[in-house]
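S.K.: This structure is in structure tokens; I'll ask about it shortly.
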Amino acid sequence: MLLKATILHELNKVYPDGLSIDLLCFNAECSLLDCIHVIEQLQHKNFPIKMRNNVAYLTLPLISIEEISKETQCLHMRYNYILKDKIASTNNLALNQMHKFEHGTVILTHSQEQGKGRLGRNWTAPMAKSIALSIVLKPKIQHEMTPLFTQLTAAALSLSLKDYVDVKIKWPNDILINKKKVAGILIETNFQGSSLQGVTVGVGINTNLTLDDFNSDSKKKATSLRMETGEVVDPNKLIVRFLVHFNSLYSQWIESEDPSSFISLCKEFSLLLNKVIYVYSPTSAPRRATVMDITNLGELLIQYEGELTLTPLTSLDFSIRGLNGYV
Ligand code: BTN
């Protein structure tokens with residue numbers, strides 16, 4: 001392990017306590033000068049490290065591949081991990097270098113600077129305050145099935161977050177607490193001709209952001225687990241929970257070719273089911289409709305006001321608002 005990684009590892013192990021510089025040098029097997037030099041470099045890169053009275057400590061817990069792999073090594077899905085200090089977008093790395101990554105590769109980062117959201121929106125993840133990850137999958141499935149990854153991921157996220165707070169899924173890809181967004185999902189695919197090369201499951205979770213981290217617009221629409229629970233969240237425990245649920249729902253689906261287990265969960269956690277909504281499309285005026293169901297293809301089955309037939313919506317071109325203006 002590089003000295004930088006060793007120092008972060010040692011400090012993360014004792015978080016929220018710190019280590020005296022002497023002990024840190026001893027544990028990391030380095031000189032005092034090297035240790036201080038590396039700490040300064042890390043601070044320069046915005047890692048949440050502080051020094052007080054010759055004690056070094058982290059002000060927030062960090063993602064640790066060691067911890068995550070220890071807890072996920074016996075799963076059916078053989079996850080393997082890549083952790084970056086910072087990255088433009090984990091999804092872009094996964095998509096652009098899909099051929100290099102094995103099925104089950106999880107790309108993690110301490111900070112994401114040009115992350116992508118759905119419908120061309122941005123999604124940034126400030127250093128140590130947010131989880132941004134992408135899972136590379138290489139399933140042998142028909143391309144019509146790919147929208148189901150959003151529902152599968154929404155179900156896995158809801159199961160992992162419900163131990164902290166009461167969460168709802170706003171179809172297709174928003175996870176909300178008290179009608180504010182706490183997590184989002186962006187599924188992207190690589191095709192060569194008509195053959196599916198791979199799927200990138202991108203997940204962003206607002207873990208340890210505080211109100212000051214949001215701009216005035218997102219303050220109204222977004223929240224974090226820390227803001228909702230009043231406690232700092234350990235990203236490793238949450239990532240492990242998510243990967244364990246994702247593994248089990250994914251394996252069950254691929255083996256049975258039946259998505260009903262995660263579709264039922266999406267209905268259970270749904271914010272929209274049986275509600276009246278407005279459907280916004282780029283090509284026509286907003287239309288009022290009632291949400292009737294979520295299909296086994298991951299579509300939202302709605303009934304437009306004044307129509308008798310039901311219309312399935314795919315997630316691609318629509319955004320949805322409730323009558324009371326939830327996100
Ligand atoms: C949305 O709610 O619009 C989707 C947000 C998805 C954000 C995640 S963060 C990790 C991954 N990499 C990206 O660039 N985007 C996704």
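Ordering of the structure tokens sets the chain letters (A, B, ...); residue numbers start at 1 within each chain; ligands are numbered from 1 in the order shown.
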Using only C-alpha atoms and all ligand atoms, determine which residues fall within 8 Å of ligand 1, then list them as a ChimeraX atom specification.
M.R.: /A:88-92,112,114-125,131-134,173-174,183-187,201-205
S.K.: Per residue of range 209-269 of chain A within 12 Å of range 297-319 of chain A, note the shortest atom pair and the distance in Å to one decimal, counting only C-alpha atoms, and order the rows by chain and increasing residue number, as a tab-separated table.
M.R.:
```
residue	atom	partner	partner_atom	distance
A:Glu257	CA	A:Leu297	CA	11.6
A:Asp258	CA	A:Leu297	CA	10.1
A:Pro259	CA	A:Leu297	CA	8.1
A:Ser260	CA	A:Leu297	CA	9.6
A:Phe262	CA	A:Gly298	CA	9.8
A:Ile263	CA	A:Gly298	CA	7.2
A:Ser264	CA	A:Gly298	CA	10.7
A:Leu265	CA	A:Gly298	CA	11.8
A:Cys266	CA	A:Gly298	CA	9.2
A:Lys267	CA	A:Leu300	CA	10.3
```
S.K.: Go ahead and dump the residues you just picked, N, CA, C and O atoms, as a CSV table (one decimal), in the first residue's frame.
M.R.:
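Writing done, so here's result-v5.csv:
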```csv
chain,number,residue,atom,x,y,z
A,257,GLU,N,-35.2,-15.2,-14.3
A,257,GLU,CA,-35.8,-14.3,-15.4
A,257,GLU,C,-37.1,-13.7,-15.0
A,257,GLU,O,-37.9,-13.3,-15.8
A,258,ASP,N,-37.3,-13.5,-13.7
A,258,ASP,CA,-38.5,-12.9,-13.2
A,258,ASP,C,-38.2,-11.7,-12.3
A,258,ASP,O,-37.6,-11.9,-11.2
A,259,PRO,N,-38.6,-10.5,-12.7
A,259,PRO,CA,-38.2,-9.3,-11.9
A,259,PRO,C,-39.2,-9.0,-10.8
A,259,PRO,O,-39.1,-8.0,-10.1
A,260,SER,N,-40.2,-9.9,-10.6
A,260,SER,CA,-41.3,-9.5,-9.7
A,260,SER,C,-40.8,-9.2,-8.2
A,260,SER,O,-41.4,-8.4,-7.6
A,262,PHE,N,-38.1,-7.6,-7.2
A,262,PHE,CA,-37.8,-6.1,-7.0
A,262,PHE,C,-38.9,-5.2,-7.4
A,262,PHE,O,-39.0,-4.1,-6.9
A,263,ILE,N,-39.7,-5.6,-8.4
A,263,ILE,CA,-40.8,-4.8,-8.8
A,263,ILE,C,-41.8,-4.6,-7.6
A,263,ILE,O,-42.3,-3.5,-7.3
A,264,SER,N,-42.0,-5.7,-6.9
A,264,SER,CA,-42.9,-5.6,-5.7
A,264,SER,C,-42.3,-4.6,-4.7
A,264,SER,O,-43.1,-3.9,-4.1
A,265,LEU,N,-41.0,-4.7,-4.5
A,265,LEU,CA,-40.4,-3.8,-3.5
A,265,LEU,C,-40.6,-2.3,-4.0
A,265,LEU,O,-40.8,-1.4,-3.2
A,266,CYS,N,-40.4,-2.1,-5.3
A,266,CYS,CA,-40.6,-0.8,-5.9
A,266,CYS,C,-42.0,-0.3,-5.6
A,266,CYS,O,-42.2,0.9,-5.3
A,267,LYS,N,-43.0,-1.2,-5.7
A,267,LYS,CA,-44.4,-0.8,-5.4
A,267,LYS,C,-44.5,-0.5,-3.9
A,267,LYS,O,-45.2,0.5,-3.5
```
S.K.: Find the residues near Val233 in chain A: any atom within 12 Å, counting only C-alpha atoms, skip ones fewer than 6 places away on the same chain, and give them as number ranges by chain.
M.R.: A: 15-16, 60-63, 128-131, 161, 163-165, 205-209, 224-227, 239
S.K.: Of the candidates A:Lys275, A:Lys86, A:Lys170, A:Lys138, which one gets nearest to Gly104 in chain A if we count only C-alpha atoms?
M.R.: A:Lys138
S.K.: Which residues come within 12 Å of Ile141 in chain A, counting only C-alpha atoms, excluding same-chain residues fewer than 5 positions away, as a ChimeraX atom specification?
M.R.: /A:146-149,194-199,253-255,257
S.K.: Write down as a PyMOL selection string the residues of range 5-64 of chain A whose backbone DSSP state falls under strand (DSSP E).
M.R.: chain A and resi 18-20+49-52+55-58
